[in-house]
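Okay, so here's the structure we're looking at.
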Number of protein chains: 2
Amino acid sequence: MSDDLEARIGRVAFNADGLVPAIVQQWDTREVLMLAWMDAEALRRTLTSGRVTYWSRSRGEYWRKGDTSGHIQIVQGARLDCDGDAVLLEIDQIGPACHTNTRTCFDSDLGRDEVGDRDLHPVIG
Amino acid sequence: MSDDLEARIGRVAFNADGLVPAIVQQWDTREVLMLAWMDAEALRRTLTSGRVTYWSRSRGEYWRKGDTSGHIQIVQGARLDCDGDAVLLEIDQIGPACHTNTRTCFDSDLGRDEVGDRDLHPVIG
């Protein structure tokens, strides 16, 4: 089991800082709640403990989500992308995901400008 | 309109390489399809053209999704997270998102180990 765990973690292409971005999605509603970063040990703890742990780049320490706020994240599944450099966590979020007390961290609209039809077709054809 | 666009882009906290990770979600089914990177100009093109453009870190060039494959992404909305360093794109994906021809790039299971109940409760009471 442990060897298998290390093999799975070994498939992740961590960046030069030893980190990988983790997209956090509520498993049933499929809301995207946040993006945070993990090193190999944070991923190991996440896959084995049932609770999500990140690496806090600002504080330089492990951060088990909810230890302070109570807003824990329970792991339902974890997936890796095709080139191994992004993780998708399917979790059950207890309470708000965001430290601002909103459900999702993606609470700010970047908008988009209206465009004509001509831009919406592929170039090839 | 242009000033407002620049103000919106100015809210993004690009990293030391001038890039921000963009999570790509199918707007109606809420599938997470991929994660890619944008600089300010890629985000500007995305918000104004209706088609998603990324910055390819491996090729060092702009990459308008679908120009080669036909698998374009039509922008439905764009959101920024609470600390400004991650973007969530809501898009309509034509065809597979992944270059491996799967619908989503997150096609590989990282698994999780079974855990007891005790780990699933917050530490605070």
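We label chains A, B, ... in the order they appear in the structure tokens, count residues from 1 in each chain, and number ligands from 1 in the order shown.
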
Fewer than 2 positions away in the same chain doesn't count, so skip those; otherwise give me all residues within 8 Å of Gly84 in chain B, counting only C-alpha atoms, as a short mmCIF file (atom, residue, chain, number, x, y, z; two decimals) with N, CA, C and O atoms, in the first residue's frame.
data_model
loop_
_atom_site.label_atom_id
_atom_site.label_comp_id
_atom_site.auth_asym_id
_atom_site.auth_seq_id
_atom_site.Cartn_x
_atom_site.Cartn_y
_atom_site.Cartn_z
N ARG B 11 -6.23 43.73 -11.45
CA ARG B 11 -6.52 43.10 -10.16
C ARG B 11 -5.84 41.73 -10.02
O ARG B 11 -5.82 41.17 -8.93
N VAL B 12 -5.32 41.22 -11.13
CA VAL B 12 -4.71 39.89 -11.09
C VAL B 12 -3.29 39.98 -10.53
O VAL B 12 -2.50 40.83 -10.96
N ALA B 13 -2.98 39.11 -9.58
CA ALA B 13 -1.63 39.05 -8.99
C ALA B 13 -0.83 38.00 -9.76
O ALA B 13 -0.79 36.82 -9.37
N LEU B 80 -12.06 35.63 -10.60
CA LEU B 80 -10.76 35.74 -9.92
C LEU B 80 -10.94 35.34 -8.47
O LEU B 80 -12.00 35.59 -7.88
N ASP B 81 -9.91 34.71 -7.89
CA ASP B 81 -10.07 34.28 -6.50
C ASP B 81 -9.73 35.39 -5.51
O ASP B 81 -9.34 36.50 -5.90
N CYS B 82 -9.90 35.09 -4.24
CA CYS B 82 -9.87 36.12 -3.18
C CYS B 82 -8.53 36.82 -3.06
O CYS B 82 -8.49 37.99 -2.67
N ALA B 86 -5.40 33.28 -8.87
CA ALA B 86 -5.90 32.16 -9.66
C ALA B 86 -7.17 32.61 -10.40
O ALA B 86 -7.98 33.36 -9.83
N VAL B 87 -7.31 32.15 -11.62
CA VAL B 87 -8.45 32.50 -12.47
C VAL B 87 -9.28 31.25 -12.71
O VAL B 87 -8.74 30.15 -12.85
#

Taking only C-alpha atoms into account, what are the residues of chain A at most 8 Å from chain B, put as a PyMOL selection string? chain A and resi 8-9+23+30-31+34-35+47-51+66-72+74-82+86-88+98+100+105-115+119-125

All strand (DSSP E or B) residues (DSSP, backbone) inside chain A, as a PyMOL selection string: chain A and resi 20-26+32-38+51+53-56+61-64+73-80+87-93+108-109

Identify which of the residues B:Gly95, B:Asp39, B:Asp3, B:Asn101 lies closest to Ala16 in chain B, counting only C-alpha atoms when measuring atom-to-atom distances.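 Smallest distance to Ala16 in chain B is found for B:Asp39.
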
From CA of Val20 in chain B to CA of Tyr62 in chain B the spacing works out at 13.9 Å

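Straight-line separation from CA of Ser56 in chain B to CA of Ala40 in chain B: 13.1 Å.
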
Which of range 12-78 of chain A DSSP labels alpha helix (DSSP H), written as a PyMOL selection string: chain A and resi 40-49

State, in Å with one decimal place, the distance from CA of Gly18 in chain A to CA of Glu41 in chain A.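 So the answer is 10.1 Å.
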
Find the residues around Gly60 in chain A up to 12 Å (only C-alpha atoms counted), leave out those fewer than 3 positions away in its own chain, and share them as a ChimeraX atom specification. /A:17,19,37-39,54-57,63
